[in-house]
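Engineer: Can you keep this structure in mind? I'll have questions shortly.
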Amino acid sequence: MNQEIIEVIDSEQDETSQNWCNLSEAGSLKEGYDLERFVEPPRKDFICLICLGVVRNPLECSQCGILLCKKCAYGCSKPQNPFFSMSSITIKFNCPICRSRAAPREPSMILKKFISNLIVYCKNKDRGCKVCRSIGEIKNHEKECDFKVIRCANHGLCSKEGSKIDFITAKCIKSEKNADRKLKFVCSEICRKVVVMSYLLKADKSEEAVDQYKLALEQLSQIN
Ligand SMILES: [Zn+2]
Ligand SMILES: [Zn+2]
Ligand SMILES: [Zn+2]
Ligand SMILES: [Zn+2]
């Protein structure tokens, strides 16, 4: 077969399978999960050859079956025609194992489920958290984790950062209408008074705000 015909066949095959990549999401993709996060050493098949972590958003080479993170699969692909504008570029996969240029595919549901059920430590383990969850569930825990790093809610005056567990809460009025109270995390009694006061001022409760201000001053004078 002459070269031109082969190329035509190639590009026809591509038509059906090129929507595996979406360049607009490329910036938000992440590399695989660090091996140290796993409670049990993960199977070698789940380790991405490019980043050496456990595959995240896995794609599978349709020829050799190797798994790669989506981000890493993008990384070993090339734009098919670099002279096109970005919006019309399709990128061609280039398998790091078998050199296949065929678009990679989503692995089966069962395989994806198996990976998302692997157990990992919370990312705040080094700060003292002992929680382990599946890959699929750990994000929900990390949002609420007592050891996550937060900043004192007294933003303007205090820049203290630390584990949530070392902070105290300040009950602040959210709005005058329903007198809803919102919990804010602060590093000290003084920051608590300042934050509560600023919310009282916003809710137009200036008398109570003045009381909080006096209490804050008293505490400051005790420290000094
Ligand atoms: Zn990877
Ligand atoms: Zn391959
Ligand atoms: Zn945690
Ligand atoms: Zn503070």
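Every chain in the structure tokens takes a letter, A first, then B, and so on in the order presented; its residues are numbered from 1, and the ligands are numbered from 1 following the presented order.
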Among chain A, which residues carry a DSSP assignment of helix (DSSP H, G or I), reported as a count of residues only?

Structural biologist: 95

Engineer: Using only C-alpha atoms and all ligand atoms, find each residue in chain A having at least one atom no more than 10 Å away from ligand 4; report its shortest atom-to-atom pair and that distance in Å (one decimal), rows by chain then rising number, as JSON lines.

Structural biologist:
```
{"residue": "A:Arg151", "atom": "CA", "partner": "ligand 4", "partner_atom_place_in_ligand_line": "1 (Zn)", "distance": 7.9}
{"residue": "A:Cys152", "atom": "CA", "partner": "ligand 4", "partner_atom_place_in_ligand_line": "1 (Zn)", "distance": 4.6}
{"residue": "A:Ala153", "atom": "CA", "partner": "ligand 4", "partner_atom_place_in_ligand_line": "1 (Zn)", "distance": 6.8}
{"residue": "A:Asn154", "atom": "CA", "partner": "ligand 4", "partner_atom_place_in_ligand_line": "1 (Zn)", "distance": 5.5}
{"residue": "A:His155", "atom": "CA", "partner": "ligand 4", "partner_atom_place_in_ligand_line": "1 (Zn)", "distance": 7.6}
{"residue": "A:Gly156", "atom": "CA", "partner": "ligand 4", "partner_atom_place_in_ligand_line": "1 (Zn)", "distance": 9.5}
{"residue": "A:Leu157", "atom": "CA", "partner": "ligand 4", "partner_atom_place_in_ligand_line": "1 (Zn)", "distance": 7.5}
{"residue": "A:Cys158", "atom": "CA", "partner": "ligand 4", "partner_atom_place_in_ligand_line": "1 (Zn)", "distance": 4.6}
{"residue": "A:Ser159", "atom": "CA", "partner": "ligand 4", "partner_atom_place_in_ligand_line": "1 (Zn)", "distance": 6.5}
{"residue": "A:Lys160", "atom": "CA", "partner": "ligand 4", "partner_atom_place_in_ligand_line": "1 (Zn)", "distance": 5.5}
{"residue": "A:Glu161", "atom": "CA", "partner": "ligand 4", "partner_atom_place_in_ligand_line": "1 (Zn)", "distance": 8.3}
{"residue": "A:Phe167", "atom": "CA", "partner": "ligand 4", "partner_atom_place_in_ligand_line": "1 (Zn)", "distance": 8.8}
{"residue": "A:Ile168", "atom": "CA", "partner": "ligand 4", "partner_atom_place_in_ligand_line": "1 (Zn)", "distance": 9.8}
{"residue": "A:Phe185", "atom": "CA", "partner": "ligand 4", "partner_atom_place_in_ligand_line": "1 (Zn)", "distance": 8.8}
{"residue": "A:Val186", "atom": "CA", "partner": "ligand 4", "partner_atom_place_in_ligand_line": "1 (Zn)", "distance": 5.3}
{"residue": "A:Cys187", "atom": "CA", "partner": "ligand 4", "partner_atom_place_in_ligand_line": "1 (Zn)", "distance": 4.2}
{"residue": "A:Ser188", "atom": "CA", "partner": "ligand 4", "partner_atom_place_in_ligand_line": "1 (Zn)", "distance": 5.6}
{"residue": "A:Glu189", "atom": "CA", "partner": "ligand 4", "partner_atom_place_in_ligand_line": "1 (Zn)", "distance": 8.4}
{"residue": "A:Ile190", "atom": "CA", "partner": "ligand 4", "partner_atom_place_in_ligand_line": "1 (Zn)", "distance": 7.5}
{"residue": "A:Cys191", "atom": "CA", "partner": "ligand 4", "partner_atom_place_in_ligand_line": "1 (Zn)", "distance": 4.8}
{"residue": "A:Arg192", "atom": "CA", "partner": "ligand 4", "partner_atom_place_in_ligand_line": "1 (Zn)", "distance": 7.7}
{"residue": "A:Val194", "atom": "CA", "partner": "ligand 4", "partner_atom_place_in_ligand_line": "1 (Zn)", "distance": 9.2}
{"residue": "A:Val195", "atom": "CA", "partner": "ligand 4", "partner_atom_place_in_ligand_line": "1 (Zn)", "distance": 9.3}
```

Engineer: Take the selection from the previous step and output its residues with N, CA, C and O atoms, as a compact mmCIF listing (two decimals), in the first residue's frame.

Structural biologist:
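The file below, selection.txt, is the result:
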```
# COMPACT_ATOMS: atom_id res chain seq x y z
N ARG A 151 -6.62 29.18 58.35
CA ARG A 151 -6.09 30.46 58.76
C ARG A 151 -7.07 31.13 59.71
O ARG A 151 -8.29 30.97 59.54
N CYS A 152 -6.57 31.83 60.68
CA CYS A 152 -7.42 32.52 61.64
C CYS A 152 -8.41 33.43 60.90
O CYS A 152 -8.03 34.13 59.96
N ALA A 153 -9.68 33.41 61.33
CA ALA A 153 -10.72 34.19 60.64
C ALA A 153 -10.56 35.69 60.85
O ALA A 153 -11.22 36.48 60.19
N ASN A 154 -9.67 36.09 61.75
CA ASN A 154 -9.40 37.51 61.96
C ASN A 154 -8.37 37.97 60.91
O ASN A 154 -7.30 38.49 61.22
N HIS A 155 -8.76 37.78 59.62
CA HIS A 155 -7.83 37.95 58.50
C HIS A 155 -7.03 39.24 58.52
O HIS A 155 -5.82 39.23 58.37
N GLY A 156 -7.74 40.33 58.71
CA GLY A 156 -7.10 41.65 58.57
C GLY A 156 -5.95 41.85 59.55
O GLY A 156 -4.96 42.49 59.21
N LEU A 157 -6.07 41.30 60.76
CA LEU A 157 -5.10 41.62 61.82
C LEU A 157 -4.19 40.45 62.19
O LEU A 157 -3.16 40.64 62.81
N CYS A 158 -4.61 39.24 61.86
CA CYS A 158 -3.87 38.07 62.34
C CYS A 158 -3.59 37.14 61.15
O CYS A 158 -4.47 36.91 60.33
N SER A 159 -2.38 36.65 61.08
CA SER A 159 -2.06 35.79 59.93
C SER A 159 -1.72 34.37 60.40
O SER A 159 -1.08 33.62 59.68
N LYS A 160 -2.18 34.02 61.62
CA LYS A 160 -1.83 32.71 62.15
C LYS A 160 -2.50 31.57 61.37
O LYS A 160 -3.68 31.61 61.07
N GLU A 161 -1.68 30.57 61.02
CA GLU A 161 -2.16 29.37 60.34
C GLU A 161 -1.86 28.16 61.20
O GLU A 161 -0.89 28.17 61.95
N PHE A 167 -7.58 25.42 66.83
CA PHE A 167 -8.30 26.70 66.79
C PHE A 167 -9.57 26.62 67.64
O PHE A 167 -10.05 25.54 67.95
N ILE A 168 -10.09 27.78 68.02
CA ILE A 168 -11.36 27.82 68.75
C ILE A 168 -12.41 28.44 67.82
O ILE A 168 -12.06 29.04 66.80
N PHE A 185 -13.48 30.00 62.63
CA PHE A 185 -12.36 29.46 63.41
C PHE A 185 -11.32 30.55 63.65
O PHE A 185 -10.88 31.22 62.72
N VAL A 186 -10.95 30.72 64.92
CA VAL A 186 -9.98 31.75 65.29
C VAL A 186 -8.90 31.16 66.20
O VAL A 186 -9.11 30.14 66.83
N CYS A 187 -7.74 31.86 66.26
CA CYS A 187 -6.59 31.27 66.97
C CYS A 187 -6.59 31.59 68.47
O CYS A 187 -5.93 30.92 69.25
N SER A 188 -7.31 32.65 68.89
CA SER A 188 -7.22 33.06 70.30
C SER A 188 -8.49 33.78 70.71
O SER A 188 -9.32 34.15 69.87
N GLU A 189 -8.63 34.00 72.04
CA GLU A 189 -9.79 34.72 72.57
C GLU A 189 -9.88 36.13 71.99
O GLU A 189 -10.97 36.62 71.69
N ILE A 190 -8.73 36.78 71.85
CA ILE A 190 -8.76 38.15 71.34
C ILE A 190 -9.26 38.17 69.89
O ILE A 190 -10.14 38.96 69.53
N CYS A 191 -8.74 37.25 69.07
CA CYS A 191 -9.21 37.18 67.68
C CYS A 191 -10.70 36.86 67.65
O CYS A 191 -11.44 37.37 66.82
N ARG A 192 -11.16 36.02 68.58
CA ARG A 192 -12.58 35.69 68.64
C ARG A 192 -13.40 36.97 68.85
O ARG A 192 -14.37 37.22 68.14
N VAL A 194 -12.59 40.09 68.24
CA VAL A 194 -12.51 41.00 67.08
C VAL A 194 -13.45 40.52 65.97
O VAL A 194 -14.19 41.31 65.37
N VAL A 195 -13.46 39.19 65.72
CA VAL A 195 -14.29 38.65 64.63
C VAL A 195 -15.78 38.80 64.98
O VAL A 195 -16.58 39.25 64.16
```

Engineer: With distances taken over only C-alpha atoms and all ligand atoms, which residue among A:Ala73, A:Leu68, A:Ala209, A:Cys132 lies nearest ligand 3?

Structural biologist: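 The closest residue to ligand 3 is A:Cys132.
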
Engineer: Using only C-alpha atoms and all ligand atoms, what table do you get, as a tab-separated table, when you list each residue of chain A with an atom no more than 9 Å from ligand 2, its nearest pair of atoms, and their distance in Å rounded to one decimal, rows by chain then rising number?

Structural biologist:
```
residue	atom	partner	partner_atom_place_in_ligand_line	distance
A:Glu60	CA	ligand 2	1 (Zn)	8.0
A:Cys61	CA	ligand 2	1 (Zn)	4.6
A:Ser62	CA	ligand 2	1 (Zn)	6.7
A:Gln63	CA	ligand 2	1 (Zn)	5.1
A:Cys64	CA	ligand 2	1 (Zn)	4.1
A:Gly65	CA	ligand 2	1 (Zn)	6.1
A:Ile66	CA	ligand 2	1 (Zn)	5.9
A:Leu67	CA	ligand 2	1 (Zn)	8.7
A:Asn94	CA	ligand 2	1 (Zn)	7.9
A:Cys95	CA	ligand 2	1 (Zn)	4.6
A:Pro96	CA	ligand 2	1 (Zn)	6.6
A:Ile97	CA	ligand 2	1 (Zn)	5.1
A:Cys98	CA	ligand 2	1 (Zn)	4.1
A:Arg99	CA	ligand 2	1 (Zn)	5.9
A:Ser100	CA	ligand 2	1 (Zn)	5.4
A:Arg101	CA	ligand 2	1 (Zn)	8.4
A:Ala102	CA	ligand 2	1 (Zn)	8.7
A:Pro104	CA	ligand 2	1 (Zn)	8.4
```

Engineer: Convert the current residue selection to file output with all heavy atoms, as a compact mmCIF listing (two decimals), in the first residue's frame.

Structural biologist:
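Contents of result11.txt, freshly written:
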```
# COMPACT_ATOMS: atom_id res chain seq x y z
N GLU A 60 -6.63 3.66 29.35
CA GLU A 60 -5.99 2.39 29.04
C GLU A 60 -5.59 2.39 27.57
O GLU A 60 -6.39 2.80 26.73
CB GLU A 60 -7.05 1.31 29.31
CG GLU A 60 -6.71 -0.09 28.99
CD GLU A 60 -7.95 -0.97 29.24
OE1 GLU A 60 -8.82 -1.05 28.35
OE2 GLU A 60 -8.06 -1.53 30.34
N CYS A 61 -4.36 1.97 27.27
CA CYS A 61 -3.94 1.86 25.86
C CYS A 61 -4.77 0.75 25.22
O CYS A 61 -4.88 -0.35 25.77
CB CYS A 61 -2.45 1.55 25.77
SG CYS A 61 -1.91 1.18 24.08
N SER A 62 -5.37 1.04 24.06
CA SER A 62 -6.26 0.06 23.45
C SER A 62 -5.48 -1.10 22.84
O SER A 62 -6.06 -2.13 22.52
CB SER A 62 -7.15 0.72 22.40
OG SER A 62 -6.33 1.27 21.39
N GLN A 63 -4.16 -0.95 22.70
CA GLN A 63 -3.36 -2.03 22.12
C GLN A 63 -2.71 -2.91 23.19
O GLN A 63 -2.84 -4.11 23.17
CB GLN A 63 -2.27 -1.45 21.20
CG GLN A 63 -2.80 -0.55 20.10
CD GLN A 63 -3.75 -1.29 19.16
OE1 GLN A 63 -3.39 -2.31 18.58
NE2 GLN A 63 -4.98 -0.79 19.04
N CYS A 64 -1.98 -2.29 24.15
CA CYS A 64 -1.25 -3.11 25.12
C CYS A 64 -1.92 -3.16 26.49
O CYS A 64 -1.51 -3.93 27.35
CB CYS A 64 0.20 -2.63 25.25
SG CYS A 64 0.33 -1.03 26.07
N GLY A 65 -2.94 -2.33 26.72
CA GLY A 65 -3.69 -2.40 27.96
C GLY A 65 -3.07 -1.68 29.15
O GLY A 65 -3.61 -1.71 30.25
N ILE A 66 -1.92 -1.02 28.94
CA ILE A 66 -1.28 -0.32 30.07
C ILE A 66 -2.17 0.83 30.55
O ILE A 66 -2.89 1.43 29.75
CB ILE A 66 0.11 0.20 29.65
CG1 ILE A 66 0.89 0.70 30.85
CG2 ILE A 66 0.01 1.37 28.66
CD1 ILE A 66 2.06 -0.13 31.14
N LEU A 67 -2.12 1.11 31.85
CA LEU A 67 -2.92 2.21 32.41
C LEU A 67 -2.04 3.44 32.63
O LEU A 67 -0.91 3.32 33.11
CB LEU A 67 -3.53 1.80 33.76
CG LEU A 67 -4.55 0.67 33.75
CD1 LEU A 67 -4.91 0.28 35.19
CD2 LEU A 67 -5.79 1.07 32.98
N ASN A 94 0.53 8.58 22.06
CA ASN A 94 1.74 7.88 21.67
C ASN A 94 2.13 7.01 22.86
O ASN A 94 2.79 7.48 23.78
CB ASN A 94 2.82 8.93 21.34
CG ASN A 94 4.02 8.31 20.67
OD1 ASN A 94 4.04 7.11 20.37
ND2 ASN A 94 5.04 9.13 20.43
N CYS A 95 1.69 5.76 22.85
CA CYS A 95 1.87 4.89 24.03
C CYS A 95 3.35 4.71 24.37
O CYS A 95 4.15 4.36 23.51
CB CYS A 95 1.22 3.53 23.78
SG CYS A 95 1.49 2.38 25.16
N PRO A 96 3.72 4.96 25.64
CA PRO A 96 5.14 4.84 26.01
C PRO A 96 5.63 3.40 26.01
O PRO A 96 6.84 3.16 26.04
CB PRO A 96 5.18 5.43 27.43
CG PRO A 96 3.80 5.31 27.96
CD PRO A 96 2.88 5.40 26.76
N ILE A 97 4.72 2.42 25.97
CA ILE A 97 5.13 1.00 25.97
C ILE A 97 5.15 0.44 24.54
O ILE A 97 6.17 -0.06 24.07
CB ILE A 97 4.16 0.16 26.82
CG1 ILE A 97 4.28 0.54 28.29
CG2 ILE A 97 4.41 -1.33 26.65
CD1 ILE A 97 5.61 0.19 28.91
N CYS A 98 3.99 0.53 23.85
CA CYS A 98 3.90 -0.16 22.56
C CYS A 98 3.91 0.81 21.38
O CYS A 98 3.83 0.38 20.24
CB CYS A 98 2.64 -1.03 22.52
SG CYS A 98 1.12 -0.07 22.42
N ARG A 99 4.00 2.13 21.67
CA ARG A 99 4.05 3.15 20.61
C ARG A 99 2.76 3.24 19.80
O ARG A 99 2.75 3.86 18.74
CB ARG A 99 5.24 2.92 19.65
CG ARG A 99 6.59 3.06 20.29
CD ARG A 99 7.00 4.52 20.38
NE ARG A 99 7.88 4.72 21.53
CZ ARG A 99 7.89 5.82 22.28
NH1 ARG A 99 7.07 6.81 22.02
NH2 ARG A 99 8.71 5.93 23.28
N SER A 100 1.69 2.62 20.26
CA SER A 100 0.43 2.72 19.54
C SER A 100 -0.01 4.19 19.47
O SER A 100 0.14 4.93 20.43
CB SER A 100 -0.64 1.90 20.26
OG SER A 100 -1.93 2.30 19.83
N ARG A 101 -0.55 4.58 18.30
CA ARG A 101 -1.07 5.95 18.17
C ARG A 101 -2.59 5.96 18.30
O ARG A 101 -3.20 7.02 18.20
CB ARG A 101 -0.67 6.54 16.80
CG ARG A 101 0.80 6.39 16.42
CD ARG A 101 1.73 7.17 17.35
NE ARG A 101 1.39 8.57 17.47
CZ ARG A 101 1.90 9.54 16.71
NH1 ARG A 101 2.76 9.26 15.77
NH2 ARG A 101 1.55 10.79 16.89
N ALA A 102 -3.18 4.79 18.47
CA ALA A 102 -4.65 4.73 18.58
C ALA A 102 -5.09 5.38 19.89
O ALA A 102 -4.40 5.26 20.91
CB ALA A 102 -5.12 3.29 18.55
N PRO A 104 -6.40 6.17 23.43
CA PRO A 104 -6.63 5.30 24.58
C PRO A 104 -8.10 5.34 24.98
O PRO A 104 -8.83 6.23 24.57
CB PRO A 104 -5.76 5.93 25.67
CG PRO A 104 -5.65 7.36 25.29
CD PRO A 104 -5.74 7.43 23.79
```

Engineer: Neighbours of ligand 1 within 8 Å, counting only C-alpha atoms and all ligand atoms, as JSON, numbers by chain?

Structural biologist: {"A": [31, 32, 47, 48, 49, 50, 51, 52, 53, 54, 55, 56, 68, 69, 70, 71, 72, 73]}

Engineer: Okay, now the selection with N, CA and C atoms, as a short mmCIF file (atom, residue, chain, number, x, y, z; two decimals), in the first residue's frame?

Structural biologist:
```cif
data_model
loop_
_atom_site.label_atom_id
_atom_site.label_comp_id
_atom_site.auth_asym_id
_atom_site.auth_seq_id
_atom_site.Cartn_x
_atom_site.Cartn_y
_atom_site.Cartn_z
N GLU A 31 -1.39 14.53 38.46
CA GLU A 31 -0.67 13.27 38.32
C GLU A 31 -1.22 12.24 39.33
N GLY A 32 -0.66 11.03 39.28
CA GLY A 32 -1.16 9.92 40.10
C GLY A 32 -1.00 10.15 41.61
N ILE A 47 0.18 1.25 38.66
CA ILE A 47 1.16 2.34 38.75
C ILE A 47 1.44 2.91 37.37
N CYS A 48 1.31 4.21 37.27
CA CYS A 48 1.51 4.91 36.00
C CYS A 48 3.01 5.00 35.73
N LEU A 49 3.40 4.60 34.51
CA LEU A 49 4.82 4.58 34.15
C LEU A 49 5.43 5.97 34.03
N ILE A 50 4.57 6.96 33.82
CA ILE A 50 5.08 8.31 33.60
C ILE A 50 5.37 9.00 34.94
N CYS A 51 4.39 9.00 35.84
CA CYS A 51 4.57 9.75 37.10
C CYS A 51 4.92 8.83 38.27
N LEU A 52 4.82 7.52 38.08
CA LEU A 52 5.14 6.51 39.11
C LEU A 52 4.23 6.57 40.34
N GLY A 53 3.06 7.17 40.18
CA GLY A 53 2.04 7.12 41.23
C GLY A 53 0.93 6.17 40.78
N VAL A 54 -0.05 5.92 41.66
CA VAL A 54 -1.21 5.12 41.26
C VAL A 54 -2.10 5.97 40.35
N VAL A 55 -2.52 5.40 39.22
CA VAL A 55 -3.20 6.18 38.17
C VAL A 55 -4.40 6.97 38.69
N ARG A 56 -4.47 8.22 38.27
CA ARG A 56 -5.61 9.08 38.60
C ARG A 56 -6.34 9.36 37.29
N LEU A 68 -2.57 4.59 32.28
CA LEU A 68 -1.87 5.86 32.52
C LEU A 68 -2.87 6.85 33.10
N CYS A 69 -2.36 7.81 33.88
CA CYS A 69 -3.23 8.91 34.31
C CYS A 69 -3.62 9.69 33.06
N LYS A 70 -4.77 10.32 33.09
CA LYS A 70 -5.18 11.13 31.95
C LYS A 70 -4.15 12.23 31.68
N LYS A 71 -3.71 12.88 32.77
CA LYS A 71 -2.73 13.96 32.61
C LYS A 71 -1.46 13.43 31.93
N CYS A 72 -1.01 12.24 32.35
CA CYS A 72 0.22 11.67 31.80
C CYS A 72 0.02 11.22 30.35
N ALA A 73 -1.21 10.73 30.03
CA ALA A 73 -1.51 10.34 28.64
C ALA A 73 -1.45 11.57 27.74
#
```

Engineer: Could you give me the residues within 10 Å of ligand 3, counting only C-alpha atoms and all ligand atoms, as a list in words?

Structural biologist: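 The residues within 10 Å of ligand 3, counting only C-alpha atoms and all ligand atoms, are Tyr121, Cys122, Lys123, Asn124, Lys125, Asp126, Arg127, Gly128, Cys129, Lys130, Val131, Cys132, Arg133, Ile138, Lys139, Asn140, His141, Glu142, Lys143, Glu144, Cys145, Asp146, Phe147 and Lys148 of chain A.
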
Engineer: Write out as a list in words the residues lying within 8 Å of segment 106-117 of chain A, counting only C-alpha atoms and excluding same-chain residues fewer than 3 positions away.

Structural biologist: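 With the cut-off at 8 Å, the set is Phe46, Pro58, Leu59, Glu60, Ser134, Ile135 and Gly136 of chain A.
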